Amino acid sequence: MSTSAIATKAREPRDPSGARRDRQKQRWFVAVALSRSRLAQSTLARVGFVSGMSLALSLVVFAIIVRASDGSAAPLDGLVEAGAAAIAFVAAAPTTLAAATDRRAADREGGIEALAAMRGVHVAHLDLVRTYAAMMLVARTTALPLVTLAIAVAALASSTGMAFRRLGIALGLLAFSVVVGVALGSVAALSARVGGRRGKLVVSAIVLLPWIVGELFGRGIFSIPGALSAALSLIFDIGSQGAGA
């Protein structure tokens, strides 16, 4: 490109609407990151992260011991399947309760609403920001221990084919974590808006009551825990079919 062409291009006016959209996106991402960081620092969210990772690492240690003892015949696939539901529960449940606290009041008291307004983020949009932050944090808190366990077990595989099948399970668990984050994070954020300081009670009722009633009538799948359990079972069913192929 010639010098004159470069100078001409430099003199061309930039698209103001495009620049405005870029700034809005940047403000949005910053607001979501800040909300997620504040939520992650709460006691319940930390309990969820530590509990999930502790259980996953304990199972990894157990898998290493079993692999060293039994060799290539070690039944490690069942270990991941047996531990996944427990890991998801201990990781996601406290984090969901943390997201169901009255984040609106906490942000107001912490000056976050005023800061957001100064940065060009409308206060009315903060509820959506908190919802995205809750979904992202629940998904991440669930995914890290699940994927850690699945990858560790894949690394202990006795063949390349088995390792790839177990990595496929890890990808399935990653997708499952996203589903958990969307489902529980959105319900938690809604409960916080509706229930205020009673948000934890509201989200517990929304999640648990339909599940309990459904289990009594054999329709537990129509609740959030039942649907998530079915999704987890489907992931391992697909993985076992791949192992048998």
# chains A, B, ... in the order shown; residues from 1 in each chain; ligands from 1
>>> residues_around(residues="Leu208 in chain A", least_positions_apart="5", cutoff="9 Å", atoms="only C-alpha atoms", output="PyMOL selection string")
chain A and resi 203+213+223-225
>>> residues_around(residues="Ser177 in chain A", least_positions_apart="5", cutoff="9 Å", atoms="only C-alpha atoms", output="list of chain:residue names")
A:Ala88, A:Val138, A:Ala139, A:Arg140, A:Thr141, A:Thr142, A:Ala143, A:Leu144, A:Leu146, A:Gly172, A:Val182
>>> atom_distance(atom1="CA of Ala74 in chain A", atom2="CA of Ser158 in chain A")
9.4 Å
>>> residues_around(residues="range 76-86 of chain A", least_positions_apart="3", cutoff="7 Å", atoms="only C-alpha atoms", output="list in words")
Ala63, Phe89, Val90, Leu146, Leu149, Ala150, Val153 and Phe236 of chain A
>>> atom_distance(atom1="CA of Val129 in chain A", atom2="CA of Val32 in chain A")
5.3 Å
>>> closest_residue(among="A:Ala175, A:Val147, A:Leu55, A:Met135", to="Ala100 in chain A", atoms="only C-alpha atoms")
A:Met135
>>> atom_distance(atom1="CA of Arg130 in chain A", atom2="CA of Ala189 in chain A")
6.8 Å
>>> closest_residue(among="A:Val47, A:Ala230, A:Val187, A:Lys25", to="Thr131 in chain A", atoms="only C-alpha atoms")
A:Val187
>>> residues_around(residues="Ile169 in chain A", least_positions_apart="2", cutoff="9 Å", atoms="only C-alpha atoms", output="list in words")
Val147, Ala150, Ile151, Phe164, Arg165, Arg166, Leu167, Leu171, Gly172, Leu173, Leu174, Ile235, Phe236, Ile238 and Gly239 of chain A
>>> write_last_selection(atoms="N, CA and C atoms", output="PDB file, in the first residue's frame")
ATOM      1  N   VAL A 147     -14.370 -31.529  35.072  1.00  0.00           N
ATOM      2  CA  VAL A 147     -13.424 -31.707  33.976  1.00  0.00           C
ATOM      3  C   VAL A 147     -12.057 -32.146  34.504  1.00  0.00           C
ATOM      4  N   ALA A 150     -12.368 -35.865  35.051  1.00  0.00           N
ATOM      5  CA  ALA A 150     -12.474 -36.598  33.787  1.00  0.00           C
ATOM      6  C   ALA A 150     -11.144 -36.625  33.033  1.00  0.00           C
ATOM      7  N   ILE A 151     -10.430 -35.497  33.017  1.00  0.00           N
ATOM      8  CA  ILE A 151      -9.144 -35.450  32.314  1.00  0.00           C
ATOM      9  C   ILE A 151      -8.106 -36.309  33.033  1.00  0.00           C
ATOM     10  N   PHE A 164      -9.258 -41.163  24.393  1.00  0.00           N
ATOM     11  CA  PHE A 164     -10.116 -40.273  23.607  1.00  0.00           C
ATOM     12  C   PHE A 164     -11.583 -40.411  24.016  1.00  0.00           C
ATOM     13  N   ARG A 165     -12.011 -41.619  24.334  1.00  0.00           N
ATOM     14  CA  ARG A 165     -13.397 -41.803  24.781  1.00  0.00           C
ATOM     15  C   ARG A 165     -13.634 -41.073  26.101  1.00  0.00           C
ATOM     16  N   ARG A 166     -12.657 -41.147  26.987  1.00  0.00           N
ATOM     17  CA  ARG A 166     -12.796 -40.459  28.274  1.00  0.00           C
ATOM     18  C   ARG A 166     -12.714 -38.948  28.110  1.00  0.00           C
ATOM     19  N   LEU A 167     -11.941 -38.488  27.141  1.00  0.00           N
ATOM     20  CA  LEU A 167     -11.911 -37.055  26.855  1.00  0.00           C
ATOM     21  C   LEU A 167     -13.253 -36.595  26.293  1.00  0.00           C
ATOM     22  N   LEU A 171     -15.678 -33.568  27.649  1.00  0.00           N
ATOM     23  CA  LEU A 171     -16.374 -32.540  26.875  1.00  0.00           C
ATOM     24  C   LEU A 171     -17.869 -32.546  27.184  1.00  0.00           C
ATOM     25  N   GLY A 172     -18.420 -33.751  27.357  1.00  0.00           N
ATOM     26  CA  GLY A 172     -19.827 -33.839  27.733  1.00  0.00           C
ATOM     27  C   GLY A 172     -20.093 -33.217  29.091  1.00  0.00           C
ATOM     28  N   LEU A 173     -19.177 -33.430  30.032  1.00  0.00           N
ATOM     29  CA  LEU A 173     -19.334 -32.834  31.362  1.00  0.00           C
ATOM     30  C   LEU A 173     -19.175 -31.317  31.314  1.00  0.00           C
ATOM     31  N   LEU A 174     -18.346 -30.837  30.404  1.00  0.00           N
ATOM     32  CA  LEU A 174     -18.223 -29.391  30.234  1.00  0.00           C
ATOM     33  C   LEU A 174     -19.543 -28.799  29.738  1.00  0.00           C
ATOM     34  N   ILE A 235     -25.233 -38.343  29.138  1.00  0.00           N
ATOM     35  CA  ILE A 235     -23.826 -38.168  28.768  1.00  0.00           C
ATOM     36  C   ILE A 235     -23.054 -39.465  28.962  1.00  0.00           C
ATOM     37  N   PHE A 236     -23.274 -40.121  30.089  1.00  0.00           N
ATOM     38  CA  PHE A 236     -22.542 -41.363  30.351  1.00  0.00           C
ATOM     39  C   PHE A 236     -23.072 -42.524  29.519  1.00  0.00           C
ATOM     40  N   ILE A 238     -24.127 -42.197  26.415  1.00  0.00           N
ATOM     41  CA  ILE A 238     -23.471 -41.999  25.110  1.00  0.00           C
ATOM     42  C   ILE A 238     -22.020 -42.413  25.194  1.00  0.00           C
ATOM     43  N   GLY A 239     -21.370 -42.083  26.320  1.00  0.00           N
ATOM     44  CA  GLY A 239     -19.970 -42.482  26.485  1.00  0.00           C
ATOM     45  C   GLY A 239     -19.796 -43.976  26.537  1.00  0.00           C
TER      46      GLY A 239
END
